[in-house]
Amino acid sequence: VFYEISDDIVLETIITPNVMDGKNDVLKIPVDQIEDLPNNELLIFNRWGDKVFEERGYANTWSGENQSGQALPQGTYYILFKLNDGSDFQFYGSVTVIR
């Protein structure tokens, strides 16, 4: 399942971190050379709007855990991703964690 952010950015909307089969184990933000954008920021919110995870310099590593590294319950979470590169580029969407 994919979520189209713009004409050239498509986000996978399901991750399955407990399977560890190398497919959909982490949330991948499809931005070219994301590792070269150290000011980018990923925020994850639960269905009540509580921030459960935040990371600057996100490098496609979130596997469904909270800020303390504990596994979050299965469910849908809402993301906000910002480049923080002087542009106003940001996007939001949802991702479902299936365990």
# chains A, B, ... in the order shown; residues from 1 in each chain; ligands from 1
>>> residues_around(residues="Tyr92 of chain A", least_positions_apart="5", cutoff="8 Å", atoms="only C-alpha atoms", output="PDB file with N, CA and C atoms, in the first residue's frame")
ATOM      1  N   ILE A   5       2.559  11.349  -2.005  1.00  0.00           N
ATOM      2  CA  ILE A   5       2.763  12.626  -1.346  1.00  0.00           C
ATOM      3  C   ILE A   5       2.766  13.746  -2.372  1.00  0.00           C
ATOM      4  N   TYR A  78       0.282   8.717  12.711  1.00  0.00           N
ATOM      5  CA  TYR A  78       0.302   9.833  11.780  1.00  0.00           C
ATOM      6  C   TYR A  78       1.688  10.454  11.772  1.00  0.00           C
ATOM      7  N   ILE A  79       2.167  10.762  10.588  1.00  0.00           N
ATOM      8  CA  ILE A  79       3.532  11.265  10.459  1.00  0.00           C
ATOM      9  C   ILE A  79       3.531  12.675   9.895  1.00  0.00           C
ATOM     10  N   LEU A  80       4.535  13.407  10.306  1.00  0.00           N
ATOM     11  CA  LEU A  80       4.840  14.712   9.731  1.00  0.00           C
ATOM     12  C   LEU A  80       6.328  14.682   9.434  1.00  0.00           C
ATOM     13  N   PHE A  81       6.695  14.960   8.197  1.00  0.00           N
ATOM     14  CA  PHE A  81       8.094  14.959   7.787  1.00  0.00           C
ATOM     15  C   PHE A  81       8.420  16.316   7.193  1.00  0.00           C
TER      16      PHE A  81
END
>>> select_by_dssp(residues="segment 3-96 of chain A", states="strand (DSSP E or B)", output="ChimeraX atom specification")
/A:3-4,10-12,14-15,41-45,51-56,65,71,75-82,90-96
>>> closest_residue(among="A:Lys51, A:Gln90, A:Ile98, A:Asp32", to="Gln74 of chain A", atoms="only C-alpha atoms")
A:Ile98
>>> residues_around(residues="Ser94 of chain A", least_positions_apart="2", cutoff="12 Å", atoms="only C-alpha atoms", output="number ranges by chain")
A: 1-5, 11-15, 27, 43-47, 75-81, 91-92, 96-97
>>> write_last_selection(atoms="N, CA and C atoms", output="short mmCIF file (atom, residue, chain, number, x, y, z; two decimals), in the first residue's frame")
data_model
loop_
_atom_site.label_atom_id
_atom_site.label_comp_id
_atom_site.auth_asym_id
_atom_site.auth_seq_id
_atom_site.Cartn_x
_atom_site.Cartn_y
_atom_site.Cartn_z
N VAL A 1 0.85 -1.17 0.00
CA VAL A 1 0.00 0.00 0.00
C VAL A 1 0.89 1.23 0.00
N PHE A 2 0.60 2.19 -0.84
CA PHE A 2 1.41 3.39 -0.97
C PHE A 2 0.54 4.63 -0.85
N TYR A 3 1.14 5.69 -0.37
CA TYR A 3 0.47 6.98 -0.26
C TYR A 3 1.26 7.96 -1.11
N GLU A 4 0.61 8.59 -2.08
CA GLU A 4 1.31 9.52 -2.96
C GLU A 4 1.37 10.90 -2.30
N ILE A 5 2.56 11.35 -2.00
CA ILE A 5 2.76 12.63 -1.35
C ILE A 5 2.77 13.75 -2.37
N LEU A 11 4.81 7.19 -0.45
CA LEU A 11 5.13 6.66 0.87
C LEU A 11 4.40 5.35 1.11
N GLU A 12 5.13 4.33 1.57
CA GLU A 12 4.49 3.08 1.96
C GLU A 12 3.69 3.35 3.22
N THR A 13 2.50 2.79 3.31
CA THR A 13 1.62 3.10 4.43
C THR A 13 1.51 1.97 5.45
N ILE A 14 2.23 0.89 5.27
CA ILE A 14 2.21 -0.23 6.22
C ILE A 14 3.65 -0.65 6.49
N ILE A 15 3.96 -0.86 7.79
CA ILE A 15 5.23 -1.49 8.13
C ILE A 15 4.93 -2.71 8.99
N LEU A 27 9.92 2.44 8.32
CA LEU A 27 9.27 3.49 7.54
C LEU A 27 10.32 4.16 6.66
N LEU A 43 8.23 13.33 12.76
CA LEU A 43 7.42 13.29 13.97
C LEU A 43 6.33 12.26 13.77
N ILE A 44 6.10 11.43 14.78
CA ILE A 44 5.07 10.39 14.73
C ILE A 44 4.08 10.66 15.86
N PHE A 45 2.78 10.61 15.54
CA PHE A 45 1.73 10.86 16.52
C PHE A 45 0.78 9.67 16.57
N ASN A 46 0.22 9.40 17.75
CA ASN A 46 -0.80 8.35 17.85
C ASN A 46 -2.16 8.93 17.47
N ARG A 47 -3.19 8.13 17.56
CA ARG A 47 -4.51 8.57 17.11
C ARG A 47 -5.12 9.66 17.97
N GLY A 75 -1.31 -0.56 15.11
CA GLY A 75 -2.31 0.47 14.86
C GLY A 75 -1.82 1.47 13.84
N THR A 76 -2.62 2.51 13.65
CA THR A 76 -2.30 3.56 12.69
C THR A 76 -1.70 4.75 13.42
N TYR A 77 -0.64 5.29 12.85
CA TYR A 77 0.07 6.44 13.39
C TYR A 77 0.16 7.49 12.29
N TYR A 78 0.28 8.72 12.71
CA TYR A 78 0.30 9.83 11.78
C TYR A 78 1.69 10.45 11.77
N ILE A 79 2.17 10.76 10.59
CA ILE A 79 3.53 11.27 10.46
C ILE A 79 3.53 12.67 9.90
N LEU A 80 4.53 13.41 10.31
CA LEU A 80 4.84 14.71 9.73
C LEU A 80 6.33 14.68 9.43
N PHE A 81 6.69 14.96 8.20
CA PHE A 81 8.09 14.96 7.79
C PHE A 81 8.42 16.32 7.19
N PHE A 91 5.46 17.11 4.48
CA PHE A 91 4.28 16.33 4.15
C PHE A 91 3.84 15.56 5.37
N TYR A 92 2.59 15.14 5.32
CA TYR A 92 2.04 14.34 6.40
C TYR A 92 1.20 13.23 5.79
N THR A 96 0.50 2.40 9.10
CA THR A 96 -0.06 1.39 9.98
C THR A 96 1.03 0.40 10.35
N VAL A 97 1.16 0.16 11.65
CA VAL A 97 2.12 -0.81 12.17
C VAL A 97 1.36 -2.11 12.40
#
>>> residues_around(residues="segment 56-66 of chain A", least_positions_apart="2", cutoff="10 Å", atoms="only C-alpha atoms", output="PyMOL selection string")
chain A and resi 15-18+24-31+33-45+51-54+68-75+77+81-84+95-99
